[in-house]
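Following: one structure in structure tokens, then a few remarks.
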Amino acid sequence: MASQPIGIAGAGAWGTALANAAAAADNDVVLWMRSPEQAQELAATRSNERCLPGVTLHDRIRPTADLNELAACRAVLLVTPAQTTREVTAALARVLPSATPLLLCAKGIERGSGAFLCDVVEEVRPGAPVAVLSGPSFAHDVARGLPTAVTLACRDAALAEALANALSGPALRVYHRGDVRGVEIGGAAKNVLAIACGAVAGKGLGESAKAALIARGFAELLRFARAYGGEPETLMGLSGLGDLVLTCSTAQSRNFAFGQRLGQGMSVAEASGGKLVEGATTASALVALARAKNIDMPIAEAVEQVLSGAWTLEQAVDALMNRPIKSEH
Ligand SMILES: NC(=O)C1=CN([C@@H]2O[C@H](COP(=O)(O)OP(=O)(O)OC[C@H]3O[C@@H](n4cnc5c(N)ncnc54)[C@H](OP(=O)(O)O)[C@@H]3O)[C@@H](O)[C@H]2O)C=CC1
Ligand SMILES: O=C(CO)COP(=O)(O)O
């Protein structure tokens with residue numbers, strides 16, 4: 001069992017960084033990507049210059065474009081954008097044994113259905129083990145071997161512990177937990193809130209406003225998680241508060257950088273700079289889920305109104321500042 005490789009589906013920045021971390025944790029790694037040309041290039045150059053420049057692939061990583069090579073893995077990490085979860089899980093379901101655990105590493109909520117990603121995976125692979133890996137972790141930091149700590153959640157406690165041990169290495173500490181819903185909510189929602197923090201930075205509204213947004217954003221996260229079955233303690237940990245603080249603090253985050261460009265006056269269409277901005281695709285689904293249960297999420301609402309073109313940023317700031325004064329908790 002221990003000699004089976006770890007599989008990674010998706011060789012973007014995060015998939016490649018996790019491949020290096022898993023290899024550093026003494027695993028053979030099969031790194032799958034959809035493009036045969038990219039797989040050949042990674043195998044030949046031992047680097048992924050397009051997605052993670054300047055990082056050398058660990059010797060124990062085998063790049064491939066053949067999905068069948070994941071069939072012999074002891075677990076597969078799904079590291080493609082949130083909105084591709086259904087499609088890629090369906091492709092994996094055709095080749096993986098039903099007992100192979102799938103670890104979701106994307107952060108988002110499915111648009112259209114409003115489904116949490118673990119529910120999407122369970123729908124596509126009924127009865128197969130599913131886990132989620134999330135927390136404050138920039139791909140470049142992990143790939144460079146900088147100290148990082150994340151949370152892995154799985155309803156099967158023994159499996160959560162085994163997977164956390166398998167992936168923990170010299171620079172990556174993986175904590176385990178049973179609260180799958182809480183962990184995935186933290187990762188999905190913090191991206192939306194980080195857009196707001198970026199916009200505050202881009203508009204020059206000051207560090208005090210940013211700190212207020214983080215604290216009030218965290219209150220939104222807690223309310224949402226409670227209503228959808230997440231445990232408050234989970235949200236207070238790495239995958240909630242930890243990732244919210246990281247993503248709201250620096251333009252190293254694509255979500256923050258996107259918000260920052262909006263704040264500087266760029267249009268929604270221009271601001272992503274061609275990069276994956278998960279908060280922008282998840283905002284409408286998050287807000288729809290909040291409205292469905294009457295959860296007060298004014299910051300997420302404001303982000304959604306700006307992204308949909310209903311409000312300008314100035315209107316969003318006015319709306320947030322002119323809410324009725326109330327008790328803090
Ligand atoms: N980057 C980071 O620091 C972190 C990212 N994450 C999360 O991980 C997820 C992926 O992010 P990241 O790796 O940075 O994104 P990237 O944009 O760097 O990479 C996305 C990868 O997914 C592949 N892909 C896209 N669509 C499909 C598809 N339909 N089928 C198969 N492969 C596909 C892309 O392949 P191709 O090149 O062929 O298009 C690319 O390799 C996101 O949800 C993100 O929030 C989580 C923690 C940290
Ligand atoms: O999730 C991340 C860090 O934990 C990466 O954030 P971005 O997608 O905003 O770059």
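Residue numbering restarts at 1 for every chain of the structure tokens, chains are lettered A, B, ... in their displayed order, and ligands are numbered from 1 as they appear.
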
Next item on the list: Let me have all residues with an atom within 7 Å of ligand 1, counting only C-alpha atoms and all ligand atoms, laid out as number ranges by chain.
Entry: A: 10-15, 33-35, 51, 79-82, 84, 87-88, 105-108, 134, 137-140, 275-276, 278

Margin query: Can you pull out the residues contacting A:His58? Cut-off 9 Å, using only C-alpha atoms, and skip same-chain residues under 3 positions away; I want them as number ranges by chain.
Written below: A: 19-21, 23-24, 46, 61

Contacts of A:Arg216 at 10 Å (only C-alpha atoms; same-chain gap of 4+ positions) as a PDB file with all heavy atoms, in the first residue's frame:
```pdb
ATOM      1  N   LEU A 193     -14.109  37.156  -0.342  1.00  0.00           N
ATOM      2  CA  LEU A 193     -13.795  38.236   0.598  1.00  0.00           C
ATOM      3  C   LEU A 193     -12.448  38.885   0.249  1.00  0.00           C
ATOM      4  O   LEU A 193     -12.264  40.096   0.427  1.00  0.00           O
ATOM      5  CB  LEU A 193     -13.789  37.694   2.027  1.00  0.00           C
ATOM      6  CG  LEU A 193     -15.141  37.072   2.450  1.00  0.00           C
ATOM      7  CD1 LEU A 193     -15.000  36.272   3.736  1.00  0.00           C
ATOM      8  CD2 LEU A 193     -16.209  38.162   2.604  1.00  0.00           C
ATOM      9  N   LYS A 210      -9.008  47.639   5.719  1.00  0.00           N
ATOM     10  CA  LYS A 210      -8.697  46.251   5.356  1.00  0.00           C
ATOM     11  C   LYS A 210      -8.869  45.320   6.561  1.00  0.00           C
ATOM     12  O   LYS A 210      -9.460  44.244   6.454  1.00  0.00           O
ATOM     13  CB  LYS A 210      -7.254  46.172   4.817  1.00  0.00           C
ATOM     14  CG  LYS A 210      -7.110  45.171   3.705  1.00  0.00           C
ATOM     15  CD  LYS A 210      -5.822  45.370   2.955  1.00  0.00           C
ATOM     16  CE  LYS A 210      -4.671  44.805   3.740  1.00  0.00           C
ATOM     17  NZ  LYS A 210      -3.384  44.849   3.135  1.00  0.00           N
ATOM     18  N   ALA A 211      -8.382  45.770   7.707  1.00  0.00           N
ATOM     19  CA  ALA A 211      -8.526  44.952   8.924  1.00  0.00           C
ATOM     20  C   ALA A 211     -10.000  44.784   9.288  1.00  0.00           C
ATOM     21  O   ALA A 211     -10.447  43.690   9.683  1.00  0.00           O
ATOM     22  CB  ALA A 211      -7.767  45.595  10.079  1.00  0.00           C
ATOM     23  N   ALA A 212     -10.772  45.857   9.123  1.00  0.00           N
ATOM     24  CA  ALA A 212     -12.211  45.769   9.416  1.00  0.00           C
ATOM     25  C   ALA A 212     -12.877  44.754   8.471  1.00  0.00           C
ATOM     26  O   ALA A 212     -13.709  43.947   8.892  1.00  0.00           O
ATOM     27  CB  ALA A 212     -12.857  47.142   9.263  1.00  0.00           C
ATOM     28  N   GLU A 220     -18.930  36.861   8.521  1.00  0.00           N
ATOM     29  CA  GLU A 220     -19.791  36.323   7.449  1.00  0.00           C
ATOM     30  C   GLU A 220     -19.499  34.839   7.216  1.00  0.00           C
ATOM     31  O   GLU A 220     -20.399  34.017   7.038  1.00  0.00           O
ATOM     32  CB  GLU A 220     -19.569  37.103   6.142  1.00  0.00           C
ATOM     33  CG  GLU A 220     -20.031  38.527   6.223  1.00  0.00           C
ATOM     34  CD  GLU A 220     -20.000  39.279   4.886  1.00  0.00           C
ATOM     35  OE1 GLU A 220     -19.906  38.630   3.819  1.00  0.00           O
ATOM     36  OE2 GLU A 220     -20.078  40.520   4.916  1.00  0.00           O
ATOM     37  N   LEU A 221     -18.208  34.530   7.215  1.00  0.00           N
ATOM     38  CA  LEU A 221     -17.765  33.143   7.000  1.00  0.00           C
ATOM     39  C   LEU A 221     -18.358  32.225   8.073  1.00  0.00           C
ATOM     40  O   LEU A 221     -18.867  31.143   7.784  1.00  0.00           O
ATOM     41  CB  LEU A 221     -16.242  33.152   7.102  1.00  0.00           C
ATOM     42  CG  LEU A 221     -15.410  32.123   6.382  1.00  0.00           C
ATOM     43  CD1 LEU A 221     -15.722  32.172   4.911  1.00  0.00           C
ATOM     44  CD2 LEU A 221     -13.918  32.430   6.589  1.00  0.00           C
ATOM     45  N   LEU A 222     -18.298  32.688   9.329  1.00  0.00           N
ATOM     46  CA  LEU A 222     -18.821  31.889  10.448  1.00  0.00           C
ATOM     47  C   LEU A 222     -20.329  31.673  10.322  1.00  0.00           C
ATOM     48  O   LEU A 222     -20.832  30.567  10.508  1.00  0.00           O
ATOM     49  CB  LEU A 222     -18.540  32.609  11.770  1.00  0.00           C
ATOM     50  CG  LEU A 222     -17.198  32.363  12.427  1.00  0.00           C
ATOM     51  CD1 LEU A 222     -17.105  33.186  13.710  1.00  0.00           C
ATOM     52  CD2 LEU A 222     -16.999  30.888  12.760  1.00  0.00           C
ATOM     53  N   MET A 297     -24.640  38.523   4.553  1.00  0.00           N
ATOM     54  CA  MET A 297     -23.247  38.537   4.067  1.00  0.00           C
ATOM     55  C   MET A 297     -23.016  39.783   3.223  1.00  0.00           C
ATOM     56  O   MET A 297     -22.818  39.713   2.005  1.00  0.00           O
ATOM     57  CB  MET A 297     -22.948  37.270   3.249  1.00  0.00           C
ATOM     58  CG  MET A 297     -22.996  36.000   4.078  1.00  0.00           C
ATOM     59  SD  MET A 297     -22.419  34.551   3.190  1.00  0.00           S
ATOM     60  CE  MET A 297     -20.637  34.695   3.243  1.00  0.00           C
ATOM     61  N   PRO A 298     -23.039  40.967   3.876  1.00  0.00           N
ATOM     62  CA  PRO A 298     -22.976  42.205   3.094  1.00  0.00           C
ATOM     63  C   PRO A 298     -21.706  42.365   2.265  1.00  0.00           C
ATOM     64  O   PRO A 298     -21.759  42.943   1.168  1.00  0.00           O
ATOM     65  CB  PRO A 298     -23.085  43.303   4.161  1.00  0.00           C
ATOM     66  CG  PRO A 298     -22.801  42.634   5.463  1.00  0.00           C
ATOM     67  CD  PRO A 298     -23.186  41.211   5.320  1.00  0.00           C
ATOM     68  N   ILE A 299     -20.576  41.856   2.745  1.00  0.00           N
ATOM     69  CA  ILE A 299     -19.335  42.050   1.965  1.00  0.00           C
ATOM     70  C   ILE A 299     -19.372  41.169   0.718  1.00  0.00           C
ATOM     71  O   ILE A 299     -19.087  41.631  -0.398  1.00  0.00           O
ATOM     72  CB  ILE A 299     -18.084  41.749   2.829  1.00  0.00           C
ATOM     73  CG1 ILE A 299     -18.054  42.681   4.048  1.00  0.00           C
ATOM     74  CG2 ILE A 299     -16.807  41.906   2.004  1.00  0.00           C
ATOM     75  CD1 ILE A 299     -16.994  42.328   5.085  1.00  0.00           C
ATOM     76  N   GLU A 328     -22.202  44.265  17.696  1.00  0.00           N
ATOM     77  CA  GLU A 328     -21.190  43.603  16.873  1.00  0.00           C
ATOM     78  C   GLU A 328     -21.486  42.106  16.702  1.00  0.00           C
ATOM     79  O   GLU A 328     -21.236  41.530  15.649  1.00  0.00           O
ATOM     80  CB  GLU A 328     -19.782  43.799  17.462  1.00  0.00           C
ATOM     81  CG  GLU A 328     -18.695  43.277  16.525  1.00  0.00           C
ATOM     82  CD  GLU A 328     -17.275  43.501  17.026  1.00  0.00           C
ATOM     83  OE1 GLU A 328     -17.099  43.859  18.202  1.00  0.00           O
ATOM     84  OE2 GLU A 328     -16.337  43.298  16.236  1.00  0.00           O
TER      85      GLU A 328
END
```

Next item on the list: Considering only C-alpha atoms, return as a PyMOL selection string whatever protein or nucleic-acid residues lie within 9 Å of stretch 286-295 of chain A, sequence-local ones (same chain, fewer than 6 positions apart) excluded.
Entry: chain A and resi 108-109+111+114+188-189+192+220+223-224+227-228+301+304

Please produce a file of the residues just selected, as an mmCIF file, in the first residue's frame, where the atoms kept are N, CA, C and O atoms.
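Everything below was put into selection18.cif:
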```cif
data_model
loop_
_atom_site.group_PDB
_atom_site.id
_atom_site.type_symbol
_atom_site.label_atom_id
_atom_site.label_comp_id
_atom_site.auth_asym_id
_atom_site.auth_seq_id
_atom_site.Cartn_x
_atom_site.Cartn_y
_atom_site.Cartn_z
ATOM 1 N N GLY A 108 -13.863 26.494 -4.258
ATOM 2 C CA GLY A 108 -14.972 27.157 -4.936
ATOM 3 C C GLY A 108 -16.270 26.430 -4.712
ATOM 4 O O GLY A 108 -16.342 25.438 -3.979
ATOM 5 N N ILE A 109 -17.326 26.954 -5.327
ATOM 6 C CA ILE A 109 -18.665 26.349 -5.298
ATOM 7 C C ILE A 109 -19.102 26.253 -6.757
ATOM 8 O O ILE A 109 -18.817 27.163 -7.552
ATOM 9 N N ARG A 111 -20.977 26.749 -9.995
ATOM 10 C CA ARG A 111 -21.953 27.733 -10.484
ATOM 11 C C ARG A 111 -23.131 26.992 -11.083
ATOM 12 O O ARG A 111 -22.987 25.883 -11.559
ATOM 13 N N GLY A 114 -24.970 25.490 -7.592
ATOM 14 C CA GLY A 114 -24.708 25.959 -6.230
ATOM 15 C C GLY A 114 -24.224 24.842 -5.323
ATOM 16 O O GLY A 114 -24.281 24.947 -4.097
ATOM 17 N N ALA A 188 -13.655 28.233 -0.146
ATOM 18 C CA ALA A 188 -14.470 28.827 -1.221
ATOM 19 C C ALA A 188 -14.799 30.287 -0.915
ATOM 20 O O ALA A 188 -14.702 31.158 -1.791
ATOM 21 N N ALA A 189 -15.189 30.557 0.338
ATOM 22 C CA ALA A 189 -15.692 31.898 0.662
ATOM 23 C C ALA A 189 -14.575 32.926 0.830
ATOM 24 O O ALA A 189 -14.746 34.099 0.492
ATOM 25 N N VAL A 192 -13.779 35.130 -2.200
ATOM 26 C CA VAL A 192 -14.709 36.226 -2.509
ATOM 27 C C VAL A 192 -14.372 37.436 -1.622
ATOM 28 O O VAL A 192 -14.305 38.573 -2.090
ATOM 29 N N GLU A 220 -18.930 36.861 8.521
ATOM 30 C CA GLU A 220 -19.791 36.323 7.449
ATOM 31 C C GLU A 220 -19.499 34.839 7.216
ATOM 32 O O GLU A 220 -20.399 34.017 7.038
ATOM 33 N N ARG A 223 -21.046 32.763 9.973
ATOM 34 C CA ARG A 223 -22.508 32.656 9.849
ATOM 35 C C ARG A 223 -22.867 31.673 8.744
ATOM 36 O O ARG A 223 -23.740 30.824 8.885
ATOM 37 N N PHE A 224 -22.159 31.795 7.621
ATOM 38 C CA PHE A 224 -22.455 30.929 6.474
ATOM 39 C C PHE A 224 -22.161 29.472 6.825
ATOM 40 O O PHE A 224 -22.964 28.578 6.561
ATOM 41 N N ALA A 227 -24.689 27.877 9.149
ATOM 42 C CA ALA A 227 -25.972 27.582 8.486
ATOM 43 C C ALA A 227 -25.872 26.376 7.561
ATOM 44 O O ALA A 227 -26.859 25.695 7.317
ATOM 45 N N TYR A 228 -24.676 26.120 7.041
ATOM 46 C CA TYR A 228 -24.530 25.001 6.090
ATOM 47 C C TYR A 228 -23.806 23.790 6.697
ATOM 48 O O TYR A 228 -23.311 22.930 5.984
ATOM 49 N N GLU A 301 -22.011 40.092 -0.721
ATOM 50 C CA GLU A 301 -23.054 40.702 -1.572
ATOM 51 C C GLU A 301 -22.474 41.862 -2.376
ATOM 52 O O GLU A 301 -22.734 41.995 -3.569
ATOM 53 N N GLU A 304 -20.363 40.638 -5.196
ATOM 54 C CA GLU A 304 -21.208 40.101 -6.255
ATOM 55 C C GLU A 304 -21.869 41.231 -7.073
ATOM 56 O O GLU A 304 -21.935 41.187 -8.301
#
```

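Of all the residues in stretch 48-98 of chain A, the ones DSSP labels as strand (DSSP E) from the backbone are Ile61, Arg62, Pro63, Thr64, Ala75, Val76, Leu77 and Leu78 of chain A.
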
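Residues in contact with ligand 2 (atom pairs separated by at most 6 Å; only C-alpha atoms and all ligand atoms) are Gly135, Pro136, Ser137, Phe138, Asp243, Thr247, Ser253, Arg254 and Asn255 of chain A.
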
Please, could you write that set of residues out with C-alpha atoms as a CSV table (one decimal), in the first residue's frame?
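The result, written out as again_9.csv:
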```
chain,number,residue,atom,x,y,z
A,135,GLY,CA,-5.5,26.1,4.1
A,136,PRO,CA,-3.1,29.1,3.8
A,137,SER,CA,-0.7,27.9,1.1
A,138,PHE,CA,0.6,29.8,-2.0
A,243,ASP,CA,-6.5,31.3,4.6
A,247,THR,CA,-5.4,35.8,0.9
A,253,SER,CA,-3.1,36.1,-4.1
A,254,ARG,CA,-4.8,36.2,-7.5
A,255,ASN,CA,-8.1,37.1,-5.9
```

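Atom CA of A:Glu270 lies 17.9 Å from atom CA of A:Thr282.
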
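Of the listed residues A:Ala128, A:Ala283, A:Ala300, A:Ala43, the one whose atoms come nearest to A:Thr89 is A:Ala128, with distances taken using only C-alpha atoms.
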
Margin query: So, with only C-alpha atoms as the atoms that count, which of A:Pro232, A:Asn322, A:Ala280, A:Gly127 lies closest to A:Leu307?
Written below: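 Going through A:Pro232, A:Asn322, A:Ala280, A:Gly127 one by one, the smallest distance to A:Leu307 is for A:Ala280.
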
Check: DSSP on the backbone: what in stretch 59-300 of chain A comes out alpha helix (DSSP H), as number ranges by chain?
Finding: A: 85-93, 117-124, 139-143, 157-167, 180-202, 207-227, 232-235, 243-247, 254-263, 268-271, 278-292, 298-300

Check: Closest to A:Glu161 among A:His176, A:Gly204, A:Glu122, A:Ile214, using only C-alpha atoms?
Finding: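 Looking only at the distances to A:Glu161, the closest residue turns out to be A:His176.
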
Notebook entry, point to check: Which residue, A:Ala9, A:Ala65, A:Val268, A:Cys248, has the smallest gap to A:Ser308 when you use only C-alpha atoms?
Noted result: A:Val268

Note to self: Using only C-alpha atoms for the distances, tell me which of A:Ala257, A:Ser327, A:Gly263, A:Gly279 is nearest to A:Thr312.
What the structure shows: A:Gly263

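Residues within 12 Å of A:Asp66, counting only C-alpha atoms and excluding same-chain residues fewer than 2 positions away, are A:Gly7, A:Ile8, A:Ala9, A:Gly10, A:Val30, A:Leu31, A:Trp32, A:Met33, A:Arg34, A:Ser35, A:Pro36, A:Glu37, A:Gln38, A:Ala39, A:Gln40, A:Arg62, A:Pro63, A:Thr64, A:Asn68, A:Glu69, A:Leu70, A:Ala71, A:Ala91, A:Leu92, A:Val95.
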
Margin query: Taking only C-alpha atoms into account, name the residue in A:Leu57, A:Gly112, A:Gly187, A:Cys118 that is nearest to A:Thr85.
Written below: A:Cys118

Next item on the list: Please provide as JSON, numbers by chain all residues within 9 Å of A:Leu163, with the sequence filter that same-chain residues fewer than 5 positions apart are discarded (counting only C-alpha atoms).
Entry: {"A": [75, 152, 158, 168, 174, 176]}

Next item on the list: Within 12 Å of A:Arg74, counting only C-alpha atoms, which residues show up once you throw out same-chain ones fewer than 3 positions away? Write them as a ChimeraX atom specification, please.
Entry: /A:1-8,27-30,69-71,77,96-103,129,159,162-163,166-167
